[in-house]
file data37.cif (mmCIF, C-alpha atoms)
data_query
#
loop_
_atom_site.group_PDB
_atom_site.id
_atom_site.type_symbol
_atom_site.label_atom_id
_atom_site.label_comp_id
_atom_site.auth_asym_id
_atom_site.auth_seq_id
_atom_site.Cartn_x
_atom_site.Cartn_y
_atom_site.Cartn_z
ATOM 1 C CA MET A 988 0.000 0.000 0.000
ATOM 2 C CA ILE A 989 1.390 3.405 -1.007
ATOM 3 C CA PRO A 990 1.215 5.802 1.989
ATOM 4 C CA PHE A 991 -0.638 9.110 1.850
ATOM 5 C CA ASN A 992 -0.590 12.039 4.260
ATOM 6 C CA ILE A 993 -2.899 14.503 5.979
ATOM 7 C CA LYS A 994 -1.821 17.357 3.707
ATOM 8 C CA GLN A 995 -3.031 15.377 0.697
ATOM 9 C CA LEU A 996 -6.398 14.745 2.381
ATOM 10 C CA GLU A 997 -6.744 18.421 3.263
ATOM 11 C CA THR A 998 -6.025 19.347 -0.346
ATOM 12 C CA PHE A 999 -8.567 16.790 -1.553
ATOM 13 C CA LEU A 1000 -11.286 18.286 0.657
ATOM 14 C CA LEU A 1001 -10.505 21.853 -0.427
ATOM 15 C CA VAL A 1002 -10.554 20.996 -4.133
ATOM 16 C CA ALA A 1003 -13.864 19.161 -3.589
ATOM 17 C CA THR A 1004 -15.293 22.160 -1.724
ATOM 18 C CA PHE A 1005 -14.173 24.858 -4.159
ATOM 19 C CA GLY A 1006 -14.396 22.810 -7.357
ATOM 20 C CA SER A 1007 -11.111 24.389 -8.391
ATOM 21 C CA PHE A 1008 -7.413 23.578 -8.092
ATOM 22 C CA ARG A 1009 -6.597 27.286 -8.285
ATOM 23 C CA LYS A 1010 -8.900 28.291 -5.396
ATOM 24 C CA ALA A 1011 -7.599 25.419 -3.283
ATOM 25 C CA ALA A 1012 -4.045 26.593 -3.966
ATOM 26 C CA GLU A 1013 -4.956 30.132 -2.889
ATOM 27 C CA ARG A 1014 -6.501 28.850 0.340
ATOM 28 C CA LEU A 1015 -3.425 26.713 1.055
ATOM 29 C CA ASN A 1016 -1.048 29.535 0.098
ATOM 30 C CA THR A 1017 0.705 27.301 -2.416
ATOM 31 C CA THR A 1018 0.846 26.830 -6.182
ATOM 32 C CA GLN A 1019 -1.619 25.102 -8.471
ATOM 33 C CA PRO A 1020 1.030 22.548 -9.615
ATOM 34 C CA ALA A 1021 1.641 21.659 -5.949
ATOM 35 C CA VAL A 1022 -2.083 21.022 -5.483
ATOM 36 C CA SER A 1023 -2.163 18.879 -8.641
ATOM 37 C CA ASN A 1024 0.817 16.866 -7.398
ATOM 38 C CA ARG A 1025 -0.838 16.228 -4.031
ATOM 39 C CA ILE A 1026 -4.041 15.033 -5.677
ATOM 40 C CA ALA A 1027 -2.104 12.840 -8.099
ATOM 41 C CA GLY A 1028 -0.179 11.324 -5.187
ATOM 42 C CA LEU A 1029 -3.383 10.670 -3.255
ATOM 43 C CA GLU A 1030 -5.043 9.086 -6.298
ATOM 44 C CA GLU A 1031 -2.038 6.812 -6.735
ATOM 45 C CA ALA A 1032 -2.009 5.858 -3.048
ATOM 46 C CA LEU A 1033 -5.735 5.074 -3.023
ATOM 47 C CA GLY A 1034 -5.800 3.484 -6.449
ATOM 48 C CA ALA A 1035 -8.794 5.632 -7.376
ATOM 49 C CA LYS A 1036 -9.476 8.578 -9.653
ATOM 50 C CA LEU A 1037 -10.932 11.307 -7.456
ATOM 51 C CA PHE A 1038 -11.717 14.149 -9.873
ATOM 52 C CA GLU A 1039 -12.926 14.712 -13.394
ATOM 53 C CA ARG A 1040 -11.162 17.645 -15.046
ATOM 54 C CA GLN A 1041 -13.134 19.314 -17.852
ATOM 55 C CA SER A 1042 -12.546 22.773 -19.339
ATOM 56 C CA GLY A 1043 -11.116 24.204 -16.151
ATOM 57 C CA ASN A 1044 -13.906 22.751 -14.012
ATOM 58 C CA VAL A 1045 -13.228 20.080 -11.437
ATOM 59 C CA ARG A 1046 -15.803 17.739 -9.955
ATOM 60 C CA LEU A 1047 -15.708 14.574 -7.888
ATOM 61 C CA THR A 1048 -15.904 11.203 -9.569
ATOM 62 C CA ALA A 1049 -18.211 8.539 -8.175
ATOM 63 C CA GLN A 1050 -15.238 7.100 -6.282
ATOM 64 C CA GLY A 1051 -14.350 10.558 -5.010
ATOM 65 C CA GLN A 1052 -17.889 11.036 -3.724
ATOM 66 C CA ARG A 1053 -17.735 7.734 -1.830
ATOM 67 C CA LEU A 1054 -14.355 8.575 -0.273
ATOM 68 C CA LEU A 1055 -15.249 12.157 0.736
ATOM 69 C CA PRO A 1056 -17.049 11.368 4.050
ATOM 70 C CA SER A 1057 -14.206 9.089 5.178
ATOM 71 C CA ALA A 1058 -11.625 11.759 4.314
ATOM 72 C CA GLN A 1059 -13.590 14.315 6.327
ATOM 73 C CA ARG A 1060 -13.681 12.040 9.366
ATOM 74 C CA VAL A 1061 -9.944 11.295 9.159
ATOM 75 C CA LEU A 1062 -9.100 14.981 8.896
ATOM 76 C CA ARG A 1063 -11.315 15.868 11.885
ATOM 77 C CA VAL A 1064 -9.595 13.222 14.013
ATOM 78 C CA ALA A 1065 -6.175 14.521 12.933
ATOM 79 C CA GLU A 1066 -7.151 18.093 13.781
ATOM 80 C CA ARG A 1067 -8.420 17.091 17.232
ATOM 81 C CA LEU A 1068 -5.157 15.243 17.841
ATOM 82 C CA GLN A 1069 -3.148 18.279 16.815
ATOM 83 C CA LEU A 1070 -5.233 20.647 18.933
ATOM 84 C CA THR A 1071 -4.855 18.406 21.954
ATOM 85 C CA ALA A 1072 -1.096 18.364 21.539
ATOM 86 C CA SER A 1073 -0.635 22.091 20.914
ATOM 87 C CA SER A 1074 -1.234 25.036 23.217
ATOM 88 C CA LEU A 1075 -3.508 27.952 22.370
ATOM 89 C CA SER A 1076 -0.543 30.302 21.999
ATOM 90 C CA GLU A 1077 0.866 28.147 19.177
ATOM 91 C CA THR A 1078 -2.276 28.394 17.007
ATOM 92 C CA ALA A 1079 -1.374 30.497 13.964
ATOM 93 C CA GLY A 1080 -3.058 31.665 10.783
ATOM 94 C CA VAL A 1081 -5.356 34.328 9.359
ATOM 95 C CA LEU A 1082 -8.962 34.666 10.505
ATOM 96 C CA ARG A 1083 -11.238 36.297 7.943
ATOM 97 C CA LEU A 1084 -13.961 37.789 10.126
ATOM 98 C CA GLY A 1085 -17.204 39.370 8.930
ATOM 99 C CA VAL A 1086 -19.446 41.269 11.356
ATOM 100 C CA ALA A 1087 -22.695 43.211 11.210
ATOM 101 C CA GLU A 1088 -22.458 46.881 12.130
ATOM 102 C CA THR A 1089 -24.352 46.400 15.385
ATOM 103 C CA ILE A 1090 -21.500 44.218 16.644
ATOM 104 C CA VAL A 1091 -18.941 46.943 15.835
ATOM 105 C CA HIS A 1092 -20.808 49.332 18.143
ATOM 106 C CA THR A 1093 -21.002 46.835 21.024
ATOM 107 C CA TRP A 1094 -18.700 43.921 21.890
ATOM 108 C CA LEU A 1095 -16.336 43.692 18.891
ATOM 109 C CA PRO A 1096 -13.470 45.596 20.621
ATOM 110 C CA ASP A 1097 -13.687 43.193 23.582
ATOM 111 C CA PHE A 1098 -13.592 40.217 21.232
ATOM 112 C CA LEU A 1099 -10.546 41.498 19.330
ATOM 113 C CA ARG A 1100 -8.664 42.014 22.594
ATOM 114 C CA GLU A 1101 -9.514 38.502 23.791
ATOM 115 C CA LEU A 1102 -8.618 37.008 20.416
ATOM 116 C CA GLN A 1103 -5.219 38.675 20.472
ATOM 117 C CA ALA A 1104 -4.606 37.596 24.064
ATOM 118 C CA ASN A 1105 -5.564 33.963 23.434
ATOM 119 C CA TYR A 1106 -4.224 33.582 19.895
ATOM 120 C CA PRO A 1107 -1.299 35.991 19.499
ATOM 121 C CA LEU A 1108 -0.179 34.341 16.247
ATOM 122 C CA VAL A 1109 -3.574 34.727 14.554
ATOM 123 C CA ASP A 1110 -3.987 37.762 12.293
ATOM 124 C CA THR A 1111 -7.510 39.072 11.700
ATOM 125 C CA ASP A 1112 -8.970 40.528 8.506
ATOM 126 C CA ILE A 1113 -12.262 42.288 9.305
ATOM 127 C CA VAL A 1114 -15.183 42.989 6.969
ATOM 128 C CA VAL A 1115 -18.167 45.046 8.175
ATOM 129 C CA ASP A 1116 -21.267 44.595 6.028
ATOM 130 C CA ALA A 1117 -24.943 43.673 5.907
ATOM 131 C CA THR A 1118 -26.011 40.129 6.703
ATOM 132 C CA THR A 1119 -26.905 39.383 3.080
ATOM 133 C CA THR A 1120 -23.343 40.074 1.975
ATOM 134 C CA LEU A 1121 -21.766 38.341 4.966
ATOM 135 C CA ARG A 1122 -23.844 35.222 4.345
ATOM 136 C CA ASN A 1123 -22.813 35.089 0.690
ATOM 137 C CA GLU A 1124 -19.152 35.627 1.553
ATOM 138 C CA LEU A 1125 -19.270 32.869 4.174
ATOM 139 C CA MET A 1126 -20.988 30.418 1.833
ATOM 140 C CA SER A 1127 -18.372 31.228 -0.840
ATOM 141 C CA HIS A 1128 -15.588 30.548 1.692
ATOM 142 C CA ARG A 1129 -14.268 34.096 1.449
ATOM 143 C CA LEU A 1130 -14.964 34.484 5.178
ATOM 144 C CA ASP A 1131 -14.047 32.040 7.932
ATOM 145 C CA ILE A 1132 -16.614 33.297 10.427
ATOM 146 C CA ALA A 1133 -19.516 35.739 10.218
ATOM 147 C CA VAL A 1134 -21.423 37.329 13.076
ATOM 148 C CA LEU A 1135 -24.769 38.122 11.478
ATOM 149 C CA MET A 1136 -28.525 37.883 11.868
ATOM 150 C CA GLY A 1137 -28.818 34.135 11.758
ATOM 151 C CA PRO A 1138 -28.993 31.284 11.864
ATOM 152 C CA ILE A 1139 -27.862 30.127 8.434
ATOM 153 C CA LEU A 1140 -29.688 26.873 7.827
ATOM 154 C CA GLU A 1141 -27.217 25.021 5.620
ATOM 155 C CA HIS A 1142 -25.840 21.567 6.418
ATOM 156 C CA SER A 1143 -22.240 22.774 6.129
ATOM 157 C CA ILE A 1144 -22.692 25.781 8.452
ATOM 158 C CA GLU A 1145 -22.418 25.681 12.235
ATOM 159 C CA ASN A 1146 -24.274 28.415 14.170
ATOM 160 C CA ILE A 1147 -23.576 29.532 17.724
ATOM 161 C CA GLU A 1148 -26.350 31.689 19.176
ATOM 162 C CA MET A 1149 -25.366 35.054 20.635
ATOM 163 C CA PRO A 1150 -27.206 37.326 23.098
ATOM 164 C CA SER A 1151 -29.962 39.348 21.439
ATOM 165 C CA PHE A 1152 -30.225 43.128 21.148
ATOM 166 C CA PRO A 1153 -33.559 44.743 22.071
ATOM 167 C CA LEU A 1154 -34.770 47.473 19.719
ATOM 168 C CA VAL A 1155 -36.214 50.700 21.086
ATOM 169 C CA TRP A 1156 -37.985 53.659 19.538
ATOM 170 C CA VAL A 1157 -35.889 56.822 19.800
ATOM 171 C CA CYS A 1158 -36.231 60.376 18.540
ATOM 172 C CA SER A 1159 -34.903 63.874 19.017
ATOM 173 C CA PRO A 1160 -36.224 65.487 22.223
ATOM 174 C CA HIS A 1161 -37.381 68.391 20.022
ATOM 175 C CA LEU A 1162 -40.032 66.316 18.224
ATOM 176 C CA LYS A 1163 -43.481 67.276 19.475
ATOM 177 C CA LEU A 1164 -45.071 63.949 20.393
ATOM 178 C CA PRO A 1165 -48.462 63.402 22.039
ATOM 179 C CA SER A 1166 -48.301 63.856 25.806
ATOM 180 C CA ARG A 1167 -49.697 60.438 26.775
ATOM 181 C CA ARG A 1168 -47.271 57.982 28.359
ATOM 182 C CA LYS A 1169 -47.579 55.082 25.907
ATOM 183 C CA LEU A 1170 -47.910 56.030 22.239
ATOM 184 C CA THR A 1171 -49.729 54.142 19.525
ATOM 185 C CA LEU A 1172 -48.449 53.269 16.081
ATOM 186 C CA THR A 1173 -50.748 55.972 14.725
ATOM 187 C CA ASP A 1174 -48.948 58.477 16.953
ATOM 188 C CA LEU A 1175 -45.593 57.399 15.561
ATOM 189 C CA MET A 1176 -46.853 57.631 11.997
ATOM 190 C CA GLN A 1177 -47.087 61.417 12.345
ATOM 191 C CA PHE A 1178 -43.368 61.331 11.599
ATOM 192 C CA PRO A 1179 -41.206 59.366 9.142
ATOM 193 C CA ILE A 1180 -39.995 56.048 10.549
ATOM 194 C CA ILE A 1181 -36.240 55.503 10.243
ATOM 195 C CA SER A 1182 -35.430 51.830 9.802
ATOM 196 C CA TYR A 1183 -32.892 49.320 8.620
ATOM 197 C CA ALA A 1184 -32.348 48.800 4.881
ATOM 198 C CA ARG A 1185 -35.124 47.323 2.723
ATOM 199 C CA THR A 1186 -33.420 43.925 2.454
ATOM 200 C CA THR A 1187 -33.331 43.447 6.207
ATOM 201 C CA ARG A 1188 -35.475 41.445 8.564
ATOM 202 C CA PRO A 1189 -36.279 44.437 10.851
ATOM 203 C CA TYR A 1190 -37.512 46.460 7.864
ATOM 204 C CA SER A 1191 -39.729 43.600 6.660
ATOM 205 C CA GLU A 1192 -41.251 43.136 10.107
ATOM 206 C CA LEU A 1193 -41.848 46.866 10.507
ATOM 207 C CA TYR A 1194 -43.359 47.254 7.026
ATOM 208 C CA ARG A 1195 -45.709 44.287 7.514
ATOM 209 C CA LYS A 1196 -46.861 45.636 10.882
ATOM 210 C CA LEU A 1197 -47.511 49.173 9.677
ATOM 211 C CA THR A 1198 -49.212 48.248 6.407
ATOM 212 C CA GLY A 1199 -51.242 45.515 8.092
ATOM 213 C CA GLU A 1200 -52.717 47.693 10.818
ATOM 214 C CA LEU A 1201 -52.831 51.194 9.340
ATOM 215 C CA GLU A 1202 -54.715 52.368 6.296
ATOM 216 C CA GLU A 1203 -52.308 55.110 5.309
ATOM 217 C CA THR A 1204 -49.069 54.237 3.529
ATOM 218 C CA PRO A 1205 -46.221 54.383 6.041
ATOM 219 C CA ARG A 1206 -43.358 56.795 5.462
ATOM 220 C CA ILE A 1207 -40.321 54.618 6.123
ATOM 221 C CA PHE A 1208 -36.814 55.941 5.579
ATOM 222 C CA PRO A 1209 -34.545 52.880 5.234
ATOM 223 C CA ALA A 1210 -30.826 53.378 5.848
ATOM 224 C CA ASN A 1211 -28.014 50.925 5.176
ATOM 225 C CA SER A 1212 -25.895 51.991 8.153
ATOM 226 C CA LEU A 1213 -26.485 52.580 11.826
ATOM 227 C CA ALA A 1214 -24.411 55.755 11.689
ATOM 228 C CA ALA A 1215 -26.746 57.208 9.050
ATOM 229 C CA SER A 1216 -29.830 56.200 11.035
ATOM 230 C CA ILE A 1217 -28.495 57.806 14.206
ATOM 231 C CA LYS A 1218 -27.538 60.995 12.349
ATOM 232 C CA MET A 1219 -31.019 61.366 10.847
ATOM 233 C CA THR A 1220 -32.618 60.728 14.238
ATOM 234 C CA LEU A 1221 -30.406 63.290 15.982
ATOM 235 C CA ASN A 1222 -31.367 65.830 13.335
ATOM 236 C CA GLY A 1223 -35.076 65.301 14.013
ATOM 237 C CA ILE A 1224 -35.889 63.682 10.659
ATOM 238 C CA GLY A 1225 -38.101 61.058 12.266
ATOM 239 C CA ILE A 1226 -38.490 58.320 14.855
ATOM 240 C CA ALA A 1227 -36.075 55.393 14.625
ATOM 241 C CA SER A 1228 -36.112 51.773 15.696
ATOM 242 C CA LEU A 1229 -32.542 51.089 16.839
ATOM 243 C CA PRO A 1230 -30.662 48.762 19.244
ATOM 244 C CA GLU A 1231 -30.901 50.132 22.761
ATOM 245 C CA GLU A 1232 -27.258 49.320 23.428
ATOM 246 C CA VAL A 1233 -26.094 51.325 20.397
ATOM 247 C CA VAL A 1234 -27.956 54.523 21.343
ATOM 248 C CA GLN A 1235 -27.465 54.412 25.113
ATOM 249 C CA ASP A 1236 -24.842 57.200 25.146
ATOM 250 C CA TYR A 1237 -27.209 59.487 23.226
ATOM 251 C CA THR A 1238 -30.170 58.718 25.465
ATOM 252 C CA ALA A 1239 -28.065 59.117 28.620
ATOM 253 C CA SER A 1240 -26.859 62.544 27.476
ATOM 254 C CA GLY A 1241 -30.350 63.655 26.474
ATOM 255 C CA LYS A 1242 -29.514 63.983 22.772
ATOM 256 C CA LEU A 1243 -32.125 61.306 22.072
ATOM 257 C CA ARG A 1244 -35.191 60.213 24.017
ATOM 258 C CA ILE A 1245 -36.679 56.727 24.225
ATOM 259 C CA VAL A 1246 -40.303 56.598 23.098
ATOM 260 C CA ASP A 1247 -42.606 54.157 24.856
ATOM 261 C CA CYS A 1248 -44.902 52.607 22.265
ATOM 262 C CA GLU A 1249 -47.545 49.907 22.429
ATOM 263 C CA TRP A 1250 -45.588 47.814 19.906
ATOM 264 C CA HIS A 1251 -41.881 47.114 19.589
ATOM 265 C CA PRO A 1252 -40.060 45.224 16.830
ATOM 266 C CA SER A 1253 -38.510 41.882 17.733
ATOM 267 C CA ASP A 1254 -35.036 41.698 19.207
ATOM 268 C CA LEU A 1255 -32.088 41.406 16.848
ATOM 269 C CA GLN A 1256 -30.810 37.835 17.089
ATOM 270 C CA PHE A 1257 -27.247 37.154 15.965
ATOM 271 C CA THR A 1258 -25.222 34.001 15.473
ATOM 272 C CA ALA A 1259 -21.521 33.364 15.048
ATOM 273 C CA SER A 1260 -21.600 31.176 11.955
ATOM 274 C CA TYR A 1261 -18.760 29.263 10.346
ATOM 275 C CA SER A 1262 -18.293 26.511 7.805
ATOM 276 C CA SER A 1263 -17.605 22.989 9.032
ATOM 277 C CA GLU A 1264 -16.762 21.726 5.533
ATOM 278 C CA PRO A 1265 -13.863 21.969 5.148
ATOM 279 C CA SER A 1266 -13.074 21.938 8.849
ATOM 280 C CA ASN A 1267 -11.593 25.172 10.191
ATOM 281 C CA PRO A 1268 -10.355 24.859 13.800
ATOM 282 C CA ILE A 1269 -9.411 28.538 14.061
ATOM 283 C CA ALA A 1270 -12.892 29.620 13.000
ATOM 284 C CA GLU A 1271 -14.517 27.167 15.422
ATOM 285 C CA ARG A 1272 -12.424 28.433 18.321
ATOM 286 C CA ALA A 1273 -13.050 32.058 17.369
ATOM 287 C CA ALA A 1274 -16.819 31.506 17.171
ATOM 288 C CA LYS A 1275 -16.883 29.975 20.651
ATOM 289 C CA LEU A 1276 -14.725 32.810 21.971
ATOM 290 C CA ALA A 1277 -17.083 35.348 20.365
ATOM 291 C CA ALA A 1278 -20.050 33.757 22.125
ATOM 292 C CA SER A 1279 -18.213 33.885 25.457
ATOM 293 C CA VAL A 1280 -17.270 37.553 24.974
ATOM 294 C CA ALA A 1281 -20.788 38.500 23.837
ATOM 295 C CA ASN A 1282 -22.381 36.818 26.852
ATOM 296 C CA ALA A 1283 -19.915 38.506 29.197
ATOM 297 C CA TYR A 1284 -20.691 41.851 27.571
ATOM 298 C CA ALA A 1285 -24.434 41.312 27.968
ATOM 299 C CA ALA A 1286 -23.995 40.358 31.622
ATOM 300 C CA ARG A 1287 -21.722 43.329 32.305
ATOM 301 C CA THR A 1288 -23.981 45.899 30.664
ATOM 302 C CA GLY A 1289 -27.121 44.379 32.150
ATOM 303 C CA LYS A 1290 -28.742 44.122 28.727
ATOM 304 C CA ALA A 1291 -29.398 40.391 28.764
ATOM 305 C CA GLN A 1292 -33.137 40.004 28.286
ATOM 306 C CA ASP A 1293 -35.199 38.603 31.126
ATOM 307 C CA PRO A 1294 -36.962 35.514 29.708
ATOM 308 C CA THR A 1295 -40.104 36.505 31.629
ATOM 309 C CA ASP A 1296 -40.169 39.949 29.973
ATOM 310 C CA ASP A 1297 -42.175 39.799 26.757
ATOM 311 C CA ARG A 1298 -42.260 43.566 26.192
ATOM 312 C CA LEU A 1299 -40.113 43.292 23.095
ATOM 313 C CA GLY A 1300 -41.528 40.027 21.825
ATOM 314 C CA PRO A 1301 -39.639 36.833 21.005
ATOM 315 C CA ALA A 1302 -36.290 36.849 19.275
ATOM 316 C CA VAL A 1303 -36.453 36.021 15.584
ATOM 317 C CA SER A 1304 -34.938 32.626 14.814
ATOM 318 C CA GLN A 1305 -36.098 31.961 11.298
ATOM 319 C CA PRO A 1306 -34.036 30.963 8.253
ATOM 320 C CA VAL A 1307 -32.080 33.817 6.743
ATOM 321 C CA GLU A 1308 -34.306 35.194 4.006
ATOM 322 C CA VAL A 1309 -34.094 38.866 4.795
ATOM 323 C CA THR A 1310 -31.186 40.249 6.725
ATOM 324 C CA GLY A 1311 -29.759 43.098 8.727
ATOM 325 C CA ARG A 1312 -26.673 44.816 9.964
#
call {"tool": "encode", "arguments": {"input": "data37.cif", "output": "structure tokens"}}
result
Amino acid sequence: MIPFNIKQLETFLLVATFGSFRKAAERLNTTQPAVSNRIAGLEEALGAKLFERQSGNVRLTAQGQRLLPSAQRVLRVAERLQLTASSLSETAGVLRLGVAETIVHTWLPDFLRELQANYPLVDTDIVVDATTTLRNELMSHRLDIAVLMGPILEHSIENIEMPSFPLVWVCSPHLKLPSRRKLTLTDLMQFPIISYARTTRPYSELYRKLTGELEETPRIFPANSLAASIKMTLNGIGIASLPEEVVQDYTASGKLRIVDCEWHPSDLQFTASYSSEPSNPIAERAAKLAASVANAYAARTGKAQDPTDDRLGPAVSQPVEVTGR
């Protein structure tokens, strides 16, 4: 029997995942001929043709399909063995991290400090974008981990649930609202409603609620960034639905006021999502660390939601169809 090695199996899984020798070479930081040589060596060792090569496209043969699950199991065992033998400080590599903007304004700095402290040899590339983009980048393997409005319901994606963020109605203290303590949706509709972008889950929920209960067409000003939403709200453009944690400095200083309304949008529910195929130990560790940091942040700021408090409604935990930031 001709021996084969773990590096050849890793290359096999990456080529199978990407459907490309070139993309596998880029991920492995090596050359395309080196990838071809590893696959050729593995095919010789196994006595099986693993890939069909046609016009630049690569796909698994029937034998390759049968061997793929076994190769995945072997590689997972090898990775667990390596992780057991090595210390955290020896873990090295590049973590391609995507986060929604809400995370930037809350616990991301804490996470980056903890990541550097625990994994000093791991470099981090950060992308801040909407959930739609982050999901696509993760599914295309251009991100290792994405903190987004999840979960992503795909068999190859692992999701770790994070603490939710309650949304509150806020506005400039100069807006002349009705004097009663708890306002109705009709009261709010006297002003434009500042919301998340049209492709987001919060916008869809808000639009369905307003159009379903009110006869007049709602004036909704969607914005694709929290900074833009906050700026418009500070300038008295309208009433906004924003994460309480993000606007707390403005409400504490009196630049914004919280509006008590009879209806509140659902909490923003985030997950730390990463691909398990191919296996990525750095991403798995980072996702678990992110969950730990996020929970510690929620406990420290006292923003963890009381499960007996249904004022804000249940957290959304549906498949990702519309997204947020």
call {"tool": "resolve_selection", "arguments": {"input": "data37.cif", "expression": "the PyMOL selection byres ((chain A and resi 995-1001) around 10)", "output": "number ranges by chain"}}
result
A: 991-994, 1002-1008, 1010-1012, 1014-1015, 1021-1030, 1037-1038, 1047, 1051, 1055-1056, 1058-1059, 1061-1062, 1264-1266
call {"tool": "atom_distance", "arguments": {"input": "data37.cif", "atom1": "atom CA of A:Gln1177", "atom2": "atom CA of A:His1161"}}
result
14.2 Å
call {"tool": "resolve_selection", "arguments": {"input": "data37.cif", "expression": "the PyMOL selection byres ((chain A and resi 1209) around 7)", "output": "ChimeraX atom specification"}}
result
/A:1181-1185,1207-1208,1210-1211
call {"tool": "resolve_selection", "arguments": {"input": "data37.cif", "expression": "the PyMOL selection byres ((chain A and resi 1281-1288) around 10)", "output": "list in words"}}
result
Ile1090, Thr1093, Trp1094, Leu1095, Asp1097, Phe1098, Glu1148, Met1149, Pro1150, Ser1151, Phe1152, Glu1232, Lys1275, Leu1276, Ala1277, Ala1278, Ser1279, Val1280, Gly1289, Lys1290, Ala1291 and Gln1292 of chain A
call {"tool": "residues_around", "arguments": {"input": "data37.cif", "residues": "stretch 1233-1237 of chain A", "least_positions_apart": "3", "cutoff": "12 Å", "atoms": "all atoms listed in the file", "output": "PyMOL selection string"}}
result
chain A and resi 1088-1094+1152-1160+1213-1214+1216-1218+1220-1221+1227-1230+1240-1245+1288+1290
call {"tool": "closest_residue", "arguments": {"input": "data37.cif", "among": "A:Met1126, A:Leu1054, A:Leu1175, A:Leu1084", "to": "A:Glu1249", "atoms": "all atoms listed in the file"}}
result
A:Leu1175
call {"tool": "closest_residue", "arguments": {"input": "data37.cif", "among": "A:Leu1201, A:Leu1193, A:Leu1102, A:Ile1269", "to": "A:Trp1250", "atoms": "only C-alpha atoms"}}
result
A:Leu1193
call {"tool": "atom_distance", "arguments": {"input": "data37.cif", "atom1": "atom CA of A:Glu1141", "atom2": "atom CA of A:Arg1040"}}
result
27.2 Å
call {"tool": "atom_distance", "arguments": {"input": "data37.cif", "atom1": "atom CA of A:Asp1110", "atom2": "atom CA of A:Thr1258"}}
result
21.8 Å
call {"tool": "closest_residue", "arguments": {"input": "data37.cif", "among": "A:Pro1205, A:Glu1039, A:Ala1133, A:His1128", "to": "A:Val1115", "atoms": "only C-alpha atoms"}}
result
A:Ala1133
call {"tool": "closest_residue", "arguments": {"input": "data37.cif", "among": "A:Asp1254, A:Glu1271, A:Glu1192, A:Glu1013", "to": "A:Met1136", "atoms": "all atoms listed in the file"}}
result
A:Asp1254
call {"tool": "closest_residue", "arguments": {"input": "data37.cif", "among": "A:Leu1135, A:Leu1162, A:Val1064, A:Leu1130", "to": "A:Thr1111", "atoms": "all atoms listed in the file"}}
result
A:Leu1130
